[in-house]
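Undergrad: As input, take my_file-v1.cif (mmCIF, C-alpha atoms and all ligand atoms):
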```
data_model
#
loop_
_atom_site.label_atom_id
_atom_site.label_comp_id
_atom_site.auth_asym_id
_atom_site.auth_seq_id
_atom_site.Cartn_x
_atom_site.Cartn_y
_atom_site.Cartn_z
CA MET A 1 140.66 13.46 62.37
CA SER A 2 140.42 16.95 63.73
CA ALA A 3 139.99 17.46 67.44
CA TYR A 4 137.53 20.34 66.88
CA PRO A 5 135.16 20.92 68.57
CA LYS A 6 135.43 18.11 71.15
CA ASP A 7 138.49 19.11 73.13
CA LEU A 8 138.73 22.81 72.37
CA ASP A 9 137.42 24.45 75.49
CA LEU A 10 136.74 27.95 76.66
CA GLY A 11 140.19 28.22 78.26
CA TRP A 12 141.84 27.38 74.94
CA ARG A 13 139.71 30.03 73.23
CA ARG A 14 140.48 32.68 75.84
CA ARG A 15 144.22 32.08 75.59
CA LEU A 16 144.14 32.13 71.80
CA ARG A 17 142.16 35.39 71.69
CA SER A 18 144.53 37.13 74.03
CA ARG A 19 147.61 35.91 72.06
CA VAL A 20 146.05 37.18 68.83
CA LEU A 21 145.23 40.62 70.24
CA ARG A 22 148.59 41.05 71.93
CA TRP A 23 150.40 40.24 68.69
CA TYR A 24 148.19 42.67 66.73
CA GLY A 25 149.02 45.53 69.09
CA GLN A 26 152.69 45.16 68.16
CA ASN A 27 152.62 43.83 64.59
CA GLY A 28 149.37 44.79 62.81
CA ARG A 29 149.82 46.15 59.29
CA THR A 30 149.12 49.81 58.51
CA LEU A 31 146.94 49.82 55.41
CA PRO A 32 145.12 52.78 53.80
CA TRP A 33 141.67 51.30 54.49
CA ARG A 34 142.47 50.66 58.14
CA LYS A 35 142.83 54.34 58.94
CA SER A 36 139.11 54.67 59.59
CA ALA A 37 136.12 52.53 60.45
CA ASP A 38 134.16 53.92 57.49
CA PRO A 39 132.08 51.02 56.13
CA TYR A 40 132.28 52.48 52.61
CA ARG A 41 136.09 52.37 52.54
CA ILE A 42 136.15 48.95 54.14
CA TRP A 43 133.66 47.65 51.60
CA ILE A 44 135.66 49.00 48.62
CA SER A 45 138.93 47.59 49.94
CA GLU A 46 137.45 44.18 50.71
CA ILE A 47 135.90 43.85 47.26
CA MET A 48 139.20 44.89 45.65
CA LEU A 49 141.17 42.44 47.78
CA GLN A 50 139.18 39.45 46.51
CA GLN A 51 141.57 37.44 44.29
CA THR A 52 144.06 40.34 44.36
CA THR A 53 147.16 41.08 46.46
CA VAL A 54 147.42 43.97 48.93
CA ALA A 55 150.31 45.49 46.95
CA ALA A 56 148.25 45.53 43.75
CA VAL A 57 145.17 46.94 45.50
CA VAL A 58 146.72 49.95 47.30
CA PRO A 59 147.07 52.28 44.24
CA TYR A 60 143.66 51.25 42.89
CA PHE A 61 142.05 51.88 46.25
CA GLU A 62 143.58 55.34 46.57
CA ARG A 63 142.52 56.37 43.04
CA PHE A 64 139.03 54.98 43.56
CA ILE A 65 138.47 56.81 46.87
CA GLU A 66 139.78 60.03 45.42
CA ARG A 67 137.29 59.80 42.54
CA PHE A 68 134.35 58.37 44.52
CA PRO A 69 134.90 59.48 48.13
CA ASP A 70 131.54 58.21 49.39
CA VAL A 71 128.67 55.91 48.50
CA HIS A 72 126.60 58.80 47.07
CA ARG A 73 129.28 59.72 44.54
CA LEU A 74 129.64 56.11 43.51
CA ALA A 75 125.89 55.66 43.07
CA GLU A 76 125.71 58.78 40.85
CA ALA A 77 128.54 57.63 38.55
CA GLU A 78 128.12 55.93 35.18
CA GLN A 79 128.98 52.24 35.21
CA GLY A 80 131.63 52.90 32.52
CA GLN A 81 133.48 55.35 34.80
CA VAL A 82 133.62 52.73 37.54
CA LEU A 83 134.86 50.08 35.12
CA ARG A 84 137.52 52.43 33.74
CA LEU A 85 138.95 52.90 37.26
CA TRP A 86 138.80 49.14 37.79
CA GLU A 87 140.73 48.41 34.61
CA GLY A 88 143.56 45.95 35.22
CA LEU A 89 142.15 44.57 38.50
CA GLY A 90 140.17 41.86 36.68
CA TYR A 91 136.98 40.07 37.80
CA TYR A 92 134.92 42.99 36.53
CA SER A 93 131.65 41.72 37.98
CA ARG A 94 133.03 43.05 41.28
CA ALA A 95 132.97 46.60 39.91
CA ARG A 96 129.53 46.20 38.36
CA ASN A 97 128.16 44.86 41.66
CA LEU A 98 129.81 47.67 43.65
CA HIS A 99 128.03 50.16 41.47
CA LYS A 100 124.68 48.35 41.84
CA ALA A 101 125.04 47.96 45.61
CA ALA A 102 125.88 51.67 45.98
CA GLY A 103 122.54 52.42 44.29
CA VAL A 104 120.71 50.16 46.77
CA VAL A 105 122.42 51.72 49.81
CA VAL A 106 121.66 55.26 48.62
CA HIS A 107 118.12 54.74 47.33
CA GLU A 108 116.77 52.08 49.70
CA MET A 109 118.82 52.47 52.88
CA ASP A 110 119.11 56.22 53.15
CA GLY A 111 122.84 56.06 52.39
CA ARG A 112 123.64 53.98 55.50
CA PHE A 113 125.22 50.55 55.48
CA PRO A 114 123.50 47.94 57.66
CA GLU A 115 125.57 46.73 60.63
CA SER A 116 124.78 43.03 60.65
CA ALA A 117 126.44 40.49 58.36
CA GLU A 118 123.03 38.99 57.57
CA GLU A 119 121.68 42.28 56.19
CA LEU A 120 124.92 43.13 54.40
CA LYS A 121 124.74 39.80 52.56
CA GLN A 122 121.55 40.97 50.84
CA LEU A 123 123.52 43.59 48.86
CA PRO A 124 124.78 42.71 45.35
CA GLY A 125 128.28 41.22 45.35
CA ILE A 126 128.55 40.90 49.15
CA GLY A 127 129.23 37.33 50.17
CA PRO A 128 129.65 35.86 53.67
CA TYR A 129 133.30 36.94 54.01
CA THR A 130 132.79 40.55 52.90
CA ALA A 131 129.67 40.85 55.07
CA GLY A 132 131.62 39.60 58.10
CA ALA A 133 134.53 41.92 57.34
CA ILE A 134 132.37 45.07 57.05
CA SER A 135 130.28 44.14 60.07
CA SER A 136 133.30 43.47 62.29
CA PHE A 137 135.80 46.06 60.97
CA ALA A 138 133.36 48.98 60.70
CA PHE A 139 130.85 48.20 63.46
CA ASN A 140 132.86 45.91 65.76
CA GLN A 141 130.16 43.24 65.53
CA PRO A 142 131.37 39.72 66.43
CA ALA A 143 130.91 38.43 62.89
CA ALA A 144 132.80 35.45 61.47
CA ILE A 145 135.23 35.87 58.58
CA LEU A 146 136.89 33.26 56.41
CA GLU A 147 139.16 34.04 53.45
CA ALA A 148 142.36 32.52 52.12
CA ASN A 149 144.57 33.52 55.07
CA THR A 150 142.14 32.62 57.86
CA LEU A 151 141.16 29.42 56.06
CA ARG A 152 144.80 28.29 56.19
CA LEU A 153 145.40 29.56 59.73
CA TYR A 154 142.24 28.02 61.19
CA SER A 155 142.74 24.74 59.35
CA ARG A 156 146.19 24.45 60.92
CA LEU A 157 145.08 25.57 64.37
CA ILE A 158 142.43 22.87 64.58
CA GLU A 159 144.35 20.33 62.46
CA LEU A 160 141.55 20.07 59.94
CA ASP A 161 142.31 17.03 57.84
CA ILE A 162 139.51 17.25 55.30
CA ASP A 163 139.32 19.53 52.26
CA PRO A 164 138.79 23.03 53.78
CA ARG A 165 137.08 24.22 50.57
CA GLY A 166 134.59 21.33 50.44
CA THR A 167 131.11 21.57 51.97
CA GLU A 168 132.01 19.82 55.21
CA GLY A 169 135.30 21.70 55.63
CA GLN A 170 133.62 25.05 55.01
CA LYS A 171 130.91 24.25 57.53
CA LYS A 172 133.46 23.42 60.21
CA LEU A 173 135.65 26.43 59.52
CA TRP A 174 132.78 28.94 59.48
CA LYS A 175 131.51 27.47 62.72
CA PHE A 176 134.98 27.76 64.22
CA ALA A 177 135.40 31.35 62.92
CA GLY A 178 132.13 32.35 64.63
CA TRP A 179 133.14 30.62 67.86
CA ILE A 180 136.62 32.05 68.09
CA VAL A 181 136.00 35.72 67.18
CA SER A 182 136.39 38.12 70.10
CA ARG A 183 133.05 39.46 71.36
CA ARG A 184 134.35 42.84 72.49
CA ARG A 185 137.22 43.47 70.08
CA ALA A 186 136.00 41.82 66.88
CA ALA A 187 137.46 44.43 64.54
CA GLU A 188 141.00 44.02 65.84
CA PHE A 189 140.67 40.27 66.22
CA ASN A 190 139.57 39.64 62.65
CA GLN A 191 142.22 41.93 61.20
CA ALA A 192 144.82 40.27 63.39
CA VAL A 193 144.03 36.70 62.30
CA MET A 194 144.20 37.76 58.65
CA ASP A 195 147.61 39.35 59.28
CA ILE A 196 148.93 36.33 61.17
CA GLY A 197 147.72 34.14 58.33
CA SER A 198 149.45 36.20 55.65
CA GLN A 199 152.65 37.14 57.49
CA VAL A 200 153.39 34.22 59.77
CA CYS A 201 151.27 31.21 58.90
CA ARG A 202 152.32 31.44 55.24
CA PRO A 203 151.15 28.96 52.61
CA VAL A 204 154.63 27.48 52.18
CA ASP A 205 157.09 27.36 55.05
CA PRO A 206 154.96 28.73 57.93
CA ASN A 207 157.12 30.62 60.39
CA CYS A 208 156.10 28.60 63.46
CA PRO A 209 159.06 29.60 65.70
CA THR A 210 157.87 33.25 65.61
CA CYS A 211 154.15 32.48 65.65
CA PRO A 212 152.19 33.86 68.62
CA LEU A 213 149.72 30.99 68.29
CA MET A 214 152.24 28.17 68.40
CA PRO A 215 151.22 27.08 71.93
CA SER A 216 147.60 26.68 70.71
CA CYS A 217 148.33 25.08 67.35
CA ARG A 218 147.26 21.45 66.84
CA SER A 219 149.08 21.04 63.53
CA TYR A 220 152.33 22.30 65.02
CA GLU A 221 151.95 19.97 67.96
CA ALA A 222 151.45 17.06 65.55
CA GLY A 223 154.24 18.23 63.18
CA ARG A 224 151.71 18.48 60.34
CA GLN A 225 151.88 22.21 59.55
CA SER A 226 153.24 21.64 56.05
CA GLU A 227 150.58 19.11 55.06
CA ILE A 228 147.57 21.12 56.31
CA PRO A 229 145.46 22.56 54.76
CA LEU A 230 145.00 19.71 52.32
CA GLU A 231 145.72 20.87 48.78
CA LYS A 232 142.83 21.55 46.48
CA PRO A 233 142.78 19.55 43.26
CA LYS A 234 144.44 21.47 40.43
CA PRO A 235 141.93 22.73 37.84
CA GLN A 236 142.18 21.32 34.34
CA ILE A 237 143.80 24.03 32.17
CA THR A 238 142.37 24.45 28.67
CA ASP A 239 144.44 26.07 25.91
CA VAL A 240 142.58 28.49 23.68
CA THR A 241 143.68 30.67 20.74
CA GLU A 242 141.84 33.93 20.13
CA VAL A 243 142.37 36.84 17.77
CA SER A 244 141.77 40.50 18.50
CA VAL A 245 141.38 42.58 15.36
CA ALA A 246 141.72 46.36 15.31
CA VAL A 247 139.74 47.35 12.20
CA LYS A 248 141.10 50.78 11.22
CA LYS A 249 139.31 53.51 9.30
CA GLY A 250 141.35 56.71 9.12
CA GLY A 251 142.23 57.45 12.73
CA ARG A 252 139.37 55.42 14.20
CA PHE A 253 138.95 51.81 15.31
CA LEU A 254 136.01 49.47 15.53
CA LEU A 255 134.93 48.54 19.07
CA ARG A 256 131.85 47.33 20.88
CA GLN A 257 130.74 47.13 24.49
CA ARG A 258 130.60 43.57 25.78
CA ALA A 259 127.13 42.34 26.72
CA GLU A 260 125.86 41.37 30.20
CA ASN A 261 126.19 37.65 29.55
CA GLU A 262 129.75 37.80 28.26
CA ARG A 263 133.18 37.65 29.83
CA TRP A 264 134.23 41.24 30.74
CA ALA A 265 130.64 42.50 30.55
CA GLY A 266 130.45 46.29 30.29
CA LEU A 267 134.04 46.66 29.02
CA TRP A 268 134.80 47.68 25.44
CA ASP A 269 136.77 45.51 23.06
CA PHE A 270 138.10 45.25 19.54
CA VAL A 271 136.66 42.57 17.26
CA ARG A 272 137.66 39.46 19.18
CA PHE A 273 136.87 35.79 18.68
CA GLU A 274 138.16 32.30 19.30
CA VAL A 275 139.81 30.45 16.45
CA ARG A 276 139.77 26.70 16.12
CA ASP A 277 141.13 26.78 12.60
CA ALA A 278 144.46 24.92 12.75
CA ASP A 279 145.93 27.32 10.17
CA VAL A 280 145.56 30.15 12.68
CA ALA A 281 146.04 28.26 15.90
CA ASN A 282 149.38 26.92 14.68
CA VAL A 283 150.74 30.29 13.57
CA GLN A 284 154.16 30.83 15.09
CA MET A 285 154.96 34.42 15.99
CA PRO A 286 158.60 35.54 16.21
CA GLU A 287 159.84 35.56 19.80
CA ARG A 288 160.21 39.37 20.01
CA ARG A 289 156.54 39.87 19.23
CA ARG A 290 155.32 37.75 22.11
CA THR A 291 154.48 38.98 25.58
CA ARG A 292 152.62 37.95 28.68
CA VAL A 293 149.92 40.20 29.99
CA THR A 294 151.79 40.80 33.23
CA ALA A 295 155.05 41.76 31.50
CA ALA A 296 156.01 45.10 29.94
CA LEU A 297 155.49 45.31 26.23
CA PRO A 298 158.63 44.70 24.23
CA GLY A 299 160.14 47.70 22.37
CA GLN A 300 156.94 49.27 21.11
CA ARG A 301 158.53 51.65 18.65
CA SER A 302 159.93 48.85 16.58
CA LEU A 303 156.84 46.69 16.51
CA PHE A 304 155.55 48.24 13.32
CA ALA A 305 158.95 48.48 11.70
CA ASP A 306 159.29 46.11 8.80
CA ASP A 307 162.70 44.83 9.81
CA ASP A 308 161.19 41.44 10.51
CA ALA A 309 158.16 41.71 8.25
CA LYS A 310 159.39 38.92 6.06
CA SER A 311 159.43 36.54 8.98
CA LEU A 312 155.85 37.31 10.01
CA PRO A 313 153.37 34.54 9.46
CA ARG A 314 150.68 34.94 6.82
CA LEU A 315 147.18 34.53 8.16
CA PRO A 316 144.45 32.69 6.30
CA ILE A 317 141.68 34.47 4.44
CA SER A 318 139.08 32.86 6.76
CA LEU A 319 139.92 35.49 9.39
CA SER A 320 138.73 38.42 7.27
CA GLU A 321 135.58 36.44 6.46
CA ARG A 322 134.93 36.04 10.17
CA VAL A 323 135.47 39.79 10.74
CA ASN A 324 132.94 40.42 7.98
CA GLU A 325 130.41 38.03 9.55
CA LEU A 326 130.69 39.75 12.95
CA THR A 327 130.88 43.39 11.89
CA GLY A 328 129.63 43.69 8.30
CA THR A 329 132.91 45.27 7.19
CA ILE A 330 135.16 44.14 4.37
CA VAL A 331 138.76 44.45 5.47
CA THR A 332 142.27 43.97 4.24
CA LEU A 333 143.98 41.81 6.75
CA TYR A 334 147.48 42.74 7.83
CA GLU A 335 149.97 40.63 9.67
CA PRO A 336 149.61 39.98 13.38
CA ILE A 337 151.52 42.63 15.32
CA ILE A 338 151.83 41.00 18.72
CA GLU A 339 150.93 37.82 20.56
CA ILE A 340 149.83 38.08 24.19
CA GLU A 341 149.62 35.13 26.53
CA HIS A 342 147.24 35.49 29.46
CA ALA A 343 144.96 33.45 31.69
CA VAL A 344 141.27 33.74 32.52
CA THR A 345 140.03 31.31 35.18
CA ARG A 346 140.95 27.84 33.85
CA TYR A 347 141.76 29.01 30.31
CA ARG A 348 145.28 29.72 29.07
CA ILE A 349 144.69 32.12 26.20
CA ARG A 350 147.04 32.86 23.35
CA LEU A 351 145.83 36.10 21.80
CA LEU A 352 146.99 37.17 18.36
CA CYS A 353 146.48 40.92 17.88
CA LEU A 354 146.14 42.13 14.31
CA VAL A 355 145.46 45.42 12.59
CA CYS A 356 143.51 45.61 9.38
CA ASP A 357 142.25 48.38 7.10
CA PHE A 358 138.58 48.97 6.50
CA ASP A 359 137.86 48.71 2.74
CA HIS A 360 134.10 49.09 2.50
CA GLY A 361 130.81 47.73 3.88
CA ARG A 362 128.12 48.86 6.35
CA LEU A 363 128.27 48.09 10.05
CA LYS A 364 126.10 45.11 10.91
CA GLN A 365 122.88 46.18 12.64
CA GLY A 366 122.48 45.10 16.25
CA ALA A 367 126.10 43.94 16.59
CA GLY A 368 126.94 47.02 18.67
CA TYR A 369 130.11 48.04 16.81
CA GLN A 370 131.07 51.72 16.73
CA TRP A 371 133.95 53.69 15.24
CA CYS A 372 135.97 55.08 18.15
CA SER A 373 138.64 57.78 18.01
CA ARG A 374 141.98 57.41 19.75
CA ASN A 375 140.72 59.79 22.45
CA GLN A 376 137.71 57.59 23.10
CA LEU A 377 139.99 54.58 23.21
CA ARG A 378 141.87 56.22 26.07
CA SER A 379 138.74 56.89 28.13
CA LEU A 380 136.65 53.77 27.50
CA PRO A 381 137.08 50.86 29.93
CA LEU A 382 138.98 48.00 28.27
CA SER A 383 140.19 44.60 29.43
CA THR A 384 143.88 44.39 30.38
CA THR A 385 144.79 42.83 27.04
CA GLY A 386 142.58 45.35 25.20
CA ARG A 387 144.42 48.19 26.95
CA ARG A 388 147.80 46.70 26.01
CA PHE A 389 146.73 46.50 22.41
CA ALA A 390 145.28 50.04 22.47
CA GLN A 391 148.49 51.45 23.97
CA LEU A 392 150.46 49.75 21.26
CA LEU A 393 148.24 51.23 18.56
CA ASP A 394 148.52 54.63 20.21
CA SER A 395 152.29 54.55 20.32
CA CYS A 396 152.58 53.55 16.65
CA ARG A 397 150.61 56.08 14.66
S1 LIG B 401 152.32 27.42 64.75
FE1 LIG B 401 152.83 27.38 62.59
S2 LIG B 401 151.19 26.23 61.63
FE2 LIG B 401 150.48 26.84 63.66
S3 LIG B 401 149.36 28.72 63.33
FE3 LIG B 401 151.46 29.28 63.83
S4 LIG B 401 152.54 29.45 61.89
FE4 LIG B 401 150.61 28.39 61.51
#
```
What do you get writing this file as C-alpha cells?

TA:
Amino acid sequence: MSAYPKDLDLGWRRRLRSRVLRWYGQNGRTLPWRKSADPYRIWISEIMLQQTTVAAVVPYFERFIERFPDVHRLAEAEQGQVLRLWEGLGYYSRARNLHKAAGVVVHEMDGRFPESAEELKQLPGIGPYTAGAISSFAFNQPAAILEANTLRLYSRLIELDIDPRGTEGQKKLWKFAGWIVSRRRAAEFNQAVMDIGSQVCRPVDPNCPTCPLMPSCRSYEAGRQSEIPLEKPKPQITDVTEVSVAVKKGGRFLLRQRAENERWAGLWDFVRFEVRDADVANVQMPERRRTRVTAALPGQRSLFADDDAKSLPRLPISLSERVNELTGTIVTLYEPIIEIEHAVTRYRIRLLCLVCDFDHGRLKQGAGYQWCSRNQLRSLPLSTTGRRFAQLLDSCR
C-alpha cells in the first residue's frame, strides 16, 4: 500500500519542489502557448491538448490564434467557423464549449478570465485540470493539476498501488497534487511536472537514470516503476458498419447539419447511417479501395476509373430505400467508392462511402437536408471522415 501521506514530510516536499524547478530551468519545453501568460491562449491550448498530442495541436493552435486572437473575436464568431477550424482535432464538444465559454467571459465577466480554479470551473467545458492549468500558468495561483502525465508521475512518486483513475485513486492524487504544488512558483512547477511526466517518466520504459526525481521516487526505490500506475481495464471494442452516401444532383450534394444530441453535433455530413443488414455488413471491398482515417488516401485519381469496376461489390436495394426514408429522395445507387476504417470512443467503425445520383423526389420536411455546392462543401465544418470523402469527390469531378 502507498506510503502517502503518512511518511511524506515537509522536507521530502521541499526537496522534490527544488529538484523539479531546477530541472525545468534547464530542460523545459518551448511551446507556442508558453510564450505568454495570457489566460486566453493558455485556455485554448489546454482544451486542444485534451486527448491530443502536442505535435498535432501546434498547427491547430497557431491557425486558431491567428483567426481568433482574443476572447472577444471568438465570442463574436459563428459556431460553424469555430468548428471548421477545429476540423480533424475530434471531440467537437470541446470547440462548441469554447465558443459558449467565450460568450460567458465577454458578456458576463467583462472579458476577463477569473483567477481561481473554483471560478474557472463554472465555465462551460472547463474541468478541474483545465481550471488548475489556467489558474496556475496564467495567474501563478497554487492550483492543483492532474492529467495523463502527472497522473503517471505522481502515482509512481508515491507508489500508488490502487487504480489511479478510480474514485479513491483520483481523490488521493488530487490531494497530493494540491499538497505538492509550489506556492510561489506554481506556473513553472506545474509545467515542469507535466514535462517530466511526458519526457522522462514515460508510460513505457521510464528513464529513471536521468530522472531528477529519482532520489524522491518510491516506485523506483521499490523497483516497481514498470508496474505503476496500475493499468486501466481495456474497454470492450464494438465493431460497427456504417454507410455514408453522397447523393448527387448536378454539381451539388445532399448534406445536413448534425443535431445537438448527435455524435459530431454542429458538423455537416452526407447521408450517413448504421447498417445491420448482413448483405451490406459483409461486403468485401477490394484492398486498394480501403483506407484508415489517419492514412493518406490511396491514388485518388484512379478511384473512379473503371479498371476494377467489375470487382466492386454490388450493394443491396435496401440501401436506396433507407436513403429515401431519411431524405425523401429517390436515388440510383452506385458502387461504393472507398471504405474507411476509423474509431470513435469504443467503436471500431467500417465506413462504406458511396455516390448515387438523384432521380426524383422532394426533400423530406424537417430532416434538415440541403443541396450544397462544392464550394460550400469546402467551407462547411465536416467530420474527419466526411472531409476525406468530400476531398475525394472534389478531386474526381
Ligand atoms: S525515478 Fe523513474 S519512475 Fe520515478 S519519477 Fe523518475 S522516471 Fe518516474

Undergrad: Give me, please, the distance in Å between atom S3 of ligand LIG 401 (chain B) and CA of Thr30 in chain A, quoted to one decimal.

TA: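 Interatomic distance here is 21.6 Å.
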
Undergrad: Kindly compile the residues surrounding ligand LIG 401 (chain B) within 9 Å, counting only C-alpha atoms and all ligand atoms, and format them as a VMD selection string.

TA: chain A and resid 152 to 157 196 to 197 199 to 203 205 to 221 223 to 226 228

Undergrad: CA of Val275 in chain A to CA of Thr241 in chain A: how many Å, to one decimal?

TA: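 Taking CA of Val275 in chain A as the start and CA of Thr241 in chain A as the end point, the length is 5.8 Å.
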
Undergrad: Could you check the closest approach to Leu354 in chain A for each of A:Leu10, A:Ala246, A:Ala37, A:Ile162 and tell me which residue wins, using only C-alpha atoms?

TA: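 Of A:Leu10, A:Ala246, A:Ala37, A:Ile162, the one nearest Leu354 in chain A, counting only C-alpha atoms, is A:Ala246.
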
Undergrad: Here is a test: counting only C-alpha atoms, which residue of A:Met48, A:Val54, A:Leu74, A:Leu333 is nearest to Thr130 in chain A?

TA: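 Closest to Thr130 in chain A, using only C-alpha atoms: A:Met48.
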
Undergrad: Choose the residue, out of A:Ser383, A:Gln26, A:Ser93, A:Gln236, that has the smallest atom-to-atom separation from Glu260 in chain A; count only C-alpha atoms.

TA: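 Comparing A:Ser383, A:Gln26, A:Ser93, A:Gln236 against Glu260 in chain A, the winner is A:Ser93.
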
Undergrad: Give me, please, the distance in Å between CA of Thr345 in chain A and CA of Val240 in chain A, quoted to one decimal.

TA: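 So the answer is 12.1 Å.
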
Undergrad: Pick out the residues sitting within 8 Å of Ala177 in chain A, and hand them over as JSON, numbers by chain; count all atoms listed in the file, and ignore anything fewer than 5 positions along from it in its own chain.

TA: {"A": [144, 145, 146, 154]}

Undergrad: Which residue, A:Arg256, A:Arg388, A:Arg185, A:Lys234, has the smallest gap to Leu21 in chain A when you use all atoms listed in the file?

TA: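 Between A:Arg256, A:Arg388, A:Arg185, A:Lys234, the residue approaching Leu21 in chain A most closely is A:Arg185.
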
Undergrad: May I have the residues within 9 Å of range 110-120 of chain A as a JSON list (two decimals) with C-alpha atoms, in the frame of the given file, using all atoms listed in the file and disregarding those fewer than 3 positions away in the same chain?

TA:
```json
[["chain", "number", "residue", "atom", "x", "y", "z"],
["A", 39, "PRO", "CA", 132.08, 51.02, 56.13],
["A", 40, "TYR", "CA", 132.28, 52.48, 52.61],
["A", 71, "VAL", "CA", 128.67, 55.91, 48.50],
["A", 72, "HIS", "CA", 126.60, 58.80, 47.07],
["A", 102, "ALA", "CA", 125.88, 51.67, 45.98],
["A", 103, "GLY", "CA", 122.54, 52.42, 44.29],
["A", 104, "VAL", "CA", 120.71, 50.16, 46.77],
["A", 105, "VAL", "CA", 122.42, 51.72, 49.81],
["A", 106, "VAL", "CA", 121.66, 55.26, 48.62],
["A", 107, "HIS", "CA", 118.12, 54.74, 47.33],
["A", 123, "LEU", "CA", 123.52, 43.59, 48.86],
["A", 126, "ILE", "CA", 128.55, 40.90, 49.15],
["A", 127, "GLY", "CA", 129.23, 37.33, 50.17],
["A", 128, "PRO", "CA", 129.65, 35.86, 53.67],
["A", 129, "TYR", "CA", 133.30, 36.94, 54.01],
["A", 130, "THR", "CA", 132.79, 40.55, 52.90],
["A", 131, "ALA", "CA", 129.67, 40.85, 55.07],
["A", 132, "GLY", "CA", 131.62, 39.60, 58.10],
["A", 133, "ALA", "CA", 134.53, 41.92, 57.34],
["A", 134, "ILE", "CA", 132.37, 45.07, 57.05],
["A", 135, "SER", "CA", 130.28, 44.14, 60.07],
["A", 136, "SER", "CA", 133.30, 43.47, 62.29],
["A", 138, "ALA", "CA", 133.36, 48.98, 60.70],
["A", 139, "PHE", "CA", 130.85, 48.20, 63.46],
["A", 140, "ASN", "CA", 132.86, 45.91, 65.76],
["A", 141, "GLN", "CA", 130.16, 43.24, 65.53],
["A", 143, "ALA", "CA", 130.91, 38.43, 62.89],
["A", 144, "ALA", "CA", 132.80, 35.45, 61.47]]
```

Undergrad: Please determine, counting only C-alpha atoms, which residue among A:Val204, A:Leu377, A:Ile65, A:Val193 has the shortest atom-to-atom distance to Leu85 in chain A.

TA: A:Ile65

Undergrad: In terms of the shortest atom-to-atom distance over only C-alpha atoms, which of A:Gly250, A:Glu339, A:Glu87, A:Leu319 is closest to Arg276 in chain A?

TA: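 When distances to Arg276 in chain A are compared using only C-alpha atoms, the smallest one comes from A:Leu319.
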